[in-house]
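J.: Quick one: this structure, given as structure tokens, is what I'll be asking you about.
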Amino acid sequence: MNDQPHTIIIAEAGVNHNGDYDRAVNMIYAAKEAGADYIKFQTAVPELVISAIAPKAEYQKKTTGEEESQLEMCRRIHLRLGDYAPLAALCREVGIGFMSTPFDLVSIDCLAELNMDYWKIPSGEITNLPYLRKIGAMNGRVILSTGMSELYEVEAAVKILEASGTSRSNIILLHCNTQYPTPYRDVNLKAMNTLGSLGCAGVGYSDHTCGIEIPVAAVALGAVVIEKHFTLDKSLPGPDHKASLDTDELKSMVGAIRNVESSLGVEMKSVSPSERPNIEVARKSIVASRNIKAGELFSEDNITVKRPGNGISPMLWDEVIGQVAPCDFIEDSLITLKKQ
């Protein structure tokens, strides 16, 4: 049982730095301290992603108000393109993986210089053909979120990535619901099984529920990647803080996931090393129910079943009944079929 899985845990910083480079730095240290494998940011040139007429999502209106547009909000909370290289370098120094999700073609070019282990495609780009082609042509490993999509749309995106140069064996699909926070009734974790039918490298889960229960449950169901937003302060202004974990909660989630991983084991049913000593304590043996003289026949009148379990197993009861006692036995002593 030593071949334990290792779920890739992505601490999603996103834009919870609110455009503050120093806060982004502090988030790197916090994600490392929590035990995450990667910290992930979001890279965008807002004018290339959002038109002036694009509305905010309802959850964004609730968290940031309706006065500014989606474009104005994103201008305010994104880092400069030049900030990502030093952040990636700091991640290498600290010992945590660096990732960032590009939201436009220029951002893809920016991140291509940083040698990320994975390209992360967000749910909103799953129908963006030019974008998918450009990422696919990178011929790297891809993690594709599938929120707001039907299965045929996911398969279409995978086929575009394939045709552009990235094989399915290098694509991990993340089940996702993009509502912030996601109502528990809409999570539908069993959809991970359906995503698995597309034959990609694996299936994971990107979580936007409150708390840590659902990502932990996803790991129990076989998720190979977990992505979860976190923040240094839930009271900060911004669209995602309130639906994010704080740093203590992130650490708790990582610990819970690692515990679940270690408990999954293998499909073989066998006695574990930790419980083997309990066999003698908890199982039973055939013992004398009263004093027995040598030469008596064992019967239901003079033998019974009691702990401990280091004698003749009660499964051999029928074989013991009718045999001759080879010696004297006092009450509660273990029965043997050989002379002591």
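The way I read the labels, and the way they are meant: chains A, B, ... in the order of the structure tokens, residue 1 as the first residue of every chain, and ligand 1 as the first ligand shown, with later ones counted on from there.
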Any chance you could tabulate, as CSV, the residues of segment 4-122 of chain A at most 8 Å from segment 221-234 of chain A with each one's nearest atom pair and distance in Å to one decimal, using only C-alpha atoms, in chain and rising number order?
T.:
```
residue,atom,partner,partner_atom,distance
A:His6,CA,A:Val224,CA,7.4
A:Thr7,CA,A:Val224,CA,4.7
A:Ile8,CA,A:Val225,CA,4.6
A:Ile9,CA,A:Ile226,CA,4.9
A:Ile10,CA,A:Glu227,CA,4.6
A:Ala11,CA,A:Lys228,CA,5.5
A:Glu12,CA,A:His229,CA,4.3
A:Ala13,CA,A:Phe230,CA,5.8
A:Gly14,CA,A:His229,CA,7.1
A:Asn16,CA,A:Thr231,CA,5.9
A:His17,CA,A:Thr231,CA,7.8
A:Met27,CA,A:Leu232,CA,6.9
```
J.: How would the residues just picked look written out with C-alpha atoms as a PDB file, in the first residue's frame?
T.:
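The resulting file, again-v8.pdb, is reproduced below:
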```
ATOM      1  CA  HIS A   6      -0.381  12.500  -5.171  1.00  0.00           C
ATOM      2  CA  THR A   7      -3.099  14.948  -6.100  1.00  0.00           C
ATOM      3  CA  ILE A   8      -1.726  18.148  -7.607  1.00  0.00           C
ATOM      4  CA  ILE A   9      -3.038  20.974  -5.422  1.00  0.00           C
ATOM      5  CA  ILE A  10      -3.197  24.375  -7.093  1.00  0.00           C
ATOM      6  CA  ALA A  11      -3.623  27.337  -4.762  1.00  0.00           C
ATOM      7  CA  GLU A  12      -5.463  29.780  -7.010  1.00  0.00           C
ATOM      8  CA  ALA A  13      -4.291  33.302  -6.220  1.00  0.00           C
ATOM      9  CA  GLY A  14      -6.058  34.528  -9.354  1.00  0.00           C
ATOM     10  CA  ASN A  16      -6.847  38.204  -5.210  1.00  0.00           C
ATOM     11  CA  HIS A  17      -3.694  40.305  -5.027  1.00  0.00           C
ATOM     12  CA  MET A  27       0.587  34.926  -1.445  1.00  0.00           C
TER      13      MET A  27
END
```
J.: Can you tell me how far atom CA of Ser197 of chain A sits from atom CA of Ser100 of chain A, in Å to one decimal?
T.: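 Distance reported for this atom pair: 27.3 Å.
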J.: For segment 104-113 of chain A, list every protein, DNA or RNA residue within 10 Å, evaluated using only C-alpha atoms, and leave out those in the same chain fewer than 6 positions away; present the list as a list of chain:residue names.
T.: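 Neighbouring residues, sequence-local ones excluded: A:Gln42, A:Thr43, A:Ala44, A:Val45, A:Pro46, A:Glu47, A:Leu48, A:Val49, A:Ile50, A:Leu81, A:Gly82, A:Tyr84, A:Ala85, A:Ala88, A:Trp119, A:Glu125, A:Asn128, A:Pro130, A:Tyr131, A:Leu132, A:Lys134, A:Ile135, A:Met138.
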J.: Residues of segment 64-100 of chain A classed as alpha helix (DSSP H) by DSSP on the backbone are to be reported as a list in words.
T.: Thr64, Gln70, Leu71, Glu72, Met73, Cys74, Arg75, Arg76, Ile77, Tyr84, Ala85, Pro86, Leu87, Ala88, Ala89, Leu90, Cys91, Arg92, Glu93 and Val94 of chain A
J.: Hey, what does DSSP flag as strand (DSSP E or B) within segment 15-81 of chain A? Can you give it to me as a PyMOL selection string?
T.: chain A and resi 38-43
J.: With C-alpha atoms retained, export the selected residues as a CSV table (one decimal), in the first residue's frame.
T.:
```csv
chain,number,residue,atom,x,y,z
A,38,TYR,CA,1.5,25.2,-7.3
A,39,ILE,CA,0.3,28.8,-6.9
A,40,LYS,CA,-1.6,30.1,-9.9
A,41,PHE,CA,-2.2,33.6,-11.1
A,42,GLN,CA,-4.3,35.1,-13.9
A,43,THR,CA,-2.5,36.9,-16.7
```
J.: For segment 268-282 of chain A, find every residue with an atom within 6 Å (counting only C-alpha atoms), except residues of its own chain fewer than 3 positions away, and show them as number ranges by chain.
T.: A: 308-310
J.: Pull N, CA and C atoms from the residues just selected and write them as a compact mmCIF listing (two decimals), in the first residue's frame.
T.:
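Printed below is part-v8.txt as written:
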```txt
# COMPACT_ATOMS: atom_id res chain seq x y z
N PRO A 308 -8.86 -15.11 23.60
CA PRO A 308 -8.18 -14.49 22.45
C PRO A 308 -8.24 -15.36 21.20
N GLY A 309 -7.65 -14.83 20.11
CA GLY A 309 -7.75 -15.50 18.83
C GLY A 309 -6.51 -16.24 18.40
N ASN A 310 -5.68 -16.67 19.35
CA ASN A 310 -4.43 -17.33 18.97
C ASN A 310 -4.48 -18.84 19.13
```
J.: May I ask for the distance between atom CA of Val260 of chain A and atom CA of Ser149 of chain A, given in Å to one decimal place?
T.: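 About the pair atom CA of Val260 of chain A and atom CA of Ser149 of chain A: they are 28.9 Å apart.
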J.: Pick from A:Leu236, A:Ile160, A:Ala288, A:Asn177: nearest to Arg23 of chain A, with only C-alpha atoms counted?
T.: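 Closest residue, counting only C-alpha atoms: A:Leu236.
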